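This report concerns only the one structure given below.
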Amino acid sequence: MSTTTLDAAPRKRKPRREVREITLLVVTIAIVLGVGLIKPQFMRYDNLEFMVLSAVVLGLIAIGQTFVIMTSGIDLSVSAVMGLSAVVFGLASTTIHLSLAAALPLCLILGAVLGSFNGLLVAWIRIPPIIATLGTYSLFGGLTFIVSNGTQVDQVSNQFAAFGNANLIPGLPIPTPVLALAGVALFAWFVLNHMVFGRNILAVGNSAGAAYNAGIPVKRTLLFVYMIAGALASFGGLVFVAYTGSATATTGTGDHVELQSIAIALIGGTLISGGRGNLAGTVIGSIFLSVVITALVFLHVPAIWYSAGEGLMIVAAVTLGARRGGAG
């Protein structure tokens with residue numbers, strides 16, 4: 001996918017974005033090859049497929065997070081939405097035999113409803129995004145425990161398993177979720193580059209006050225942005241339970257997916273201050289983070305260091321973004 005230019009930045013900035021994306025991709029490939037030399041099993045097809053599928057879940061959620069960050073907001077509840085959706089639809093597939101055709105639109109509706117709650121808190125009640133979504137993170141996480149009753153969901157239906165692991169196009173070794181991520185990313189790119197709503201997002205991120213004075217529906221824009229983030233987090237949860245076949249009450253929150261999605265968006269080139277984003281960088285960043293996490297497991301790095309590493313990447317990405325923004 002080509003470089004995504006989401007703002008009215010001068011053309012001279014485009015090469016910088018391309019360099020960032022190419023560098024991130026080269027570093028990702030270098031990690032794969034380097035760890036593969038140390039641990040040959042790292043290069044096995046099943047492990048490469050696992051990393052790609054993990055990147056799909058992270059990528060879906062990070063695209064939604066990118067939308068939110070571009071409005072100068074943040075959504076800490078995405079991991080809880082992911083976990084709740086994984087449990088709800090995992091249970092539905094095993095208990096009432098919910099079909100995949102029904103689960104797909106229902107998961108998007110569930111996520112949009114949960115996300116709209118965030119949007120109402122942020123846009124209408126004017127609670128700072130980090131506070132509002134921290135509260136809903138706990139709320140949605142608590143609902144996950146109630147729905148799951150503390151038990152693990154496993155052995156999802158064959159329809160779900162086929163969606164998570166099979167190839168949609170016969171003879172083409174590309175798992176169906178990868179095609180789903182590509183479709184979502186392309187649609188998001190179209191929205192942000194060729195629709196008024198996309199320009200409204202960037203305007204709100206640059207200055208909500210100026211956007212309001214220019215006649216842009218700021219509240220409605222924020223509401224839709226958080227609905228999108230919720231819908232994609234829910235879709236990520238459905239993909240997760242489909243390809244792993246299981247989910248628990250700590251799915252998403254236990255792995256700090258909310259922090260991972262923020263790190264991916266920032267590493268990919270989205271400014272934490274809002275007003276600018278890079279969807280191509282977000283997609284590549286999801287692959288990068290998935291590879292890094294899997295590499296740490298293969299290299300037997302203690303899990304307690306993972307969060308520290310993610311935090312370090314966030315700080316580095318924010319610092320780099322601040323320097324670039326100041327230089328522009």
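Identifiers in the structure tokens: chain A, B, ... in order shown; residue index from 1 per chain; ligand index from 1 in order shown.
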
Subject >> 12 Å contact set for segment 128-135 of chain A, only C-alpha atoms, chain neighbours under 6 positions out, as a PyMOL selection string >> reply: chain A and resi 65+68-69+71-81+114-122+141-142+222-223+226+229-230+253+258-259

Subject >> Exercise: segment 233-238 of chain A partners within 8 Å, only C-alpha atoms, chain neighbours under 2 positions left out, as number ranges by chain >> reply: A: 56-58, 60-61, 64, 78-79, 81-86, 89-90, 104, 107-108, 110-111, 229-231, 240-242

Please produce a file of the residues just selected, as a PDB file, in the first residue's frame, where the atoms kept are C-alpha atoms.
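File produced: out.pdb:
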```pdb
ATOM      1  CA  VAL A  56      -3.755  -8.535  11.843  1.00  0.00           C
ATOM      2  CA  VAL A  57      -5.419  -8.221  15.256  1.00  0.00           C
ATOM      3  CA  LEU A  58      -2.994  -5.493  16.327  1.00  0.00           C
ATOM      4  CA  LEU A  60      -7.160  -3.638  13.095  1.00  0.00           C
ATOM      5  CA  ILE A  61      -7.132  -2.143  16.574  1.00  0.00           C
ATOM      6  CA  GLY A  64      -8.972   2.582  15.032  1.00  0.00           C
ATOM      7  CA  VAL A  78      -9.848  -0.867  22.961  1.00  0.00           C
ATOM      8  CA  SER A  79      -8.251  -3.870  24.672  1.00  0.00           C
ATOM      9  CA  VAL A  81     -13.613  -4.053  23.867  1.00  0.00           C
ATOM     10  CA  MET A  82     -11.486  -6.640  22.080  1.00  0.00           C
ATOM     11  CA  GLY A  83     -11.631  -9.015  25.050  1.00  0.00           C
ATOM     12  CA  LEU A  84     -15.366  -8.597  25.583  1.00  0.00           C
ATOM     13  CA  SER A  85     -16.060  -9.256  21.908  1.00  0.00           C
ATOM     14  CA  ALA A  86     -13.783 -12.302  21.831  1.00  0.00           C
ATOM     15  CA  PHE A  89     -18.736 -14.289  20.145  1.00  0.00           C
ATOM     16  CA  GLY A  90     -16.610 -17.211  21.239  1.00  0.00           C
ATOM     17  CA  LEU A 104     -19.484 -10.279  11.606  1.00  0.00           C
ATOM     18  CA  CYS A 107     -19.459  -7.639  16.369  1.00  0.00           C
ATOM     19  CA  LEU A 108     -19.182  -4.346  14.471  1.00  0.00           C
ATOM     20  CA  LEU A 110     -21.338  -4.170  19.499  1.00  0.00           C
ATOM     21  CA  GLY A 111     -18.025  -2.373  19.109  1.00  0.00           C
ATOM     22  CA  ALA A 229     -12.230   2.547  17.124  1.00  0.00           C
ATOM     23  CA  GLY A 230     -14.722   0.418  19.034  1.00  0.00           C
ATOM     24  CA  ALA A 231     -15.958  -1.398  15.925  1.00  0.00           C
ATOM     25  CA  PHE A 240      -8.518 -13.318  17.638  1.00  0.00           C
ATOM     26  CA  VAL A 241     -10.988 -15.890  18.932  1.00  0.00           C
ATOM     27  CA  ALA A 242     -11.390 -17.294  15.414  1.00  0.00           C
TER      28      ALA A 242
END
```

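Of the listed residues (A:Asn47, A:Asn165, A:Thr66, A:Gln152), A:Thr66 comes nearest to Gln260 of chain A; the distances count only C-alpha atoms.
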
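Atom CA of Leu296 of chain A to atom CA of Asp154 of chain A spans 26.4 Å [interatomic distance, one decimal].
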
Subject >> Nearest candidate to Leu98 of chain A (options A:Phe160, A:Tyr45, A:Trp305, A:Tyr137; using only C-alpha atoms) >> reply: A:Phe160
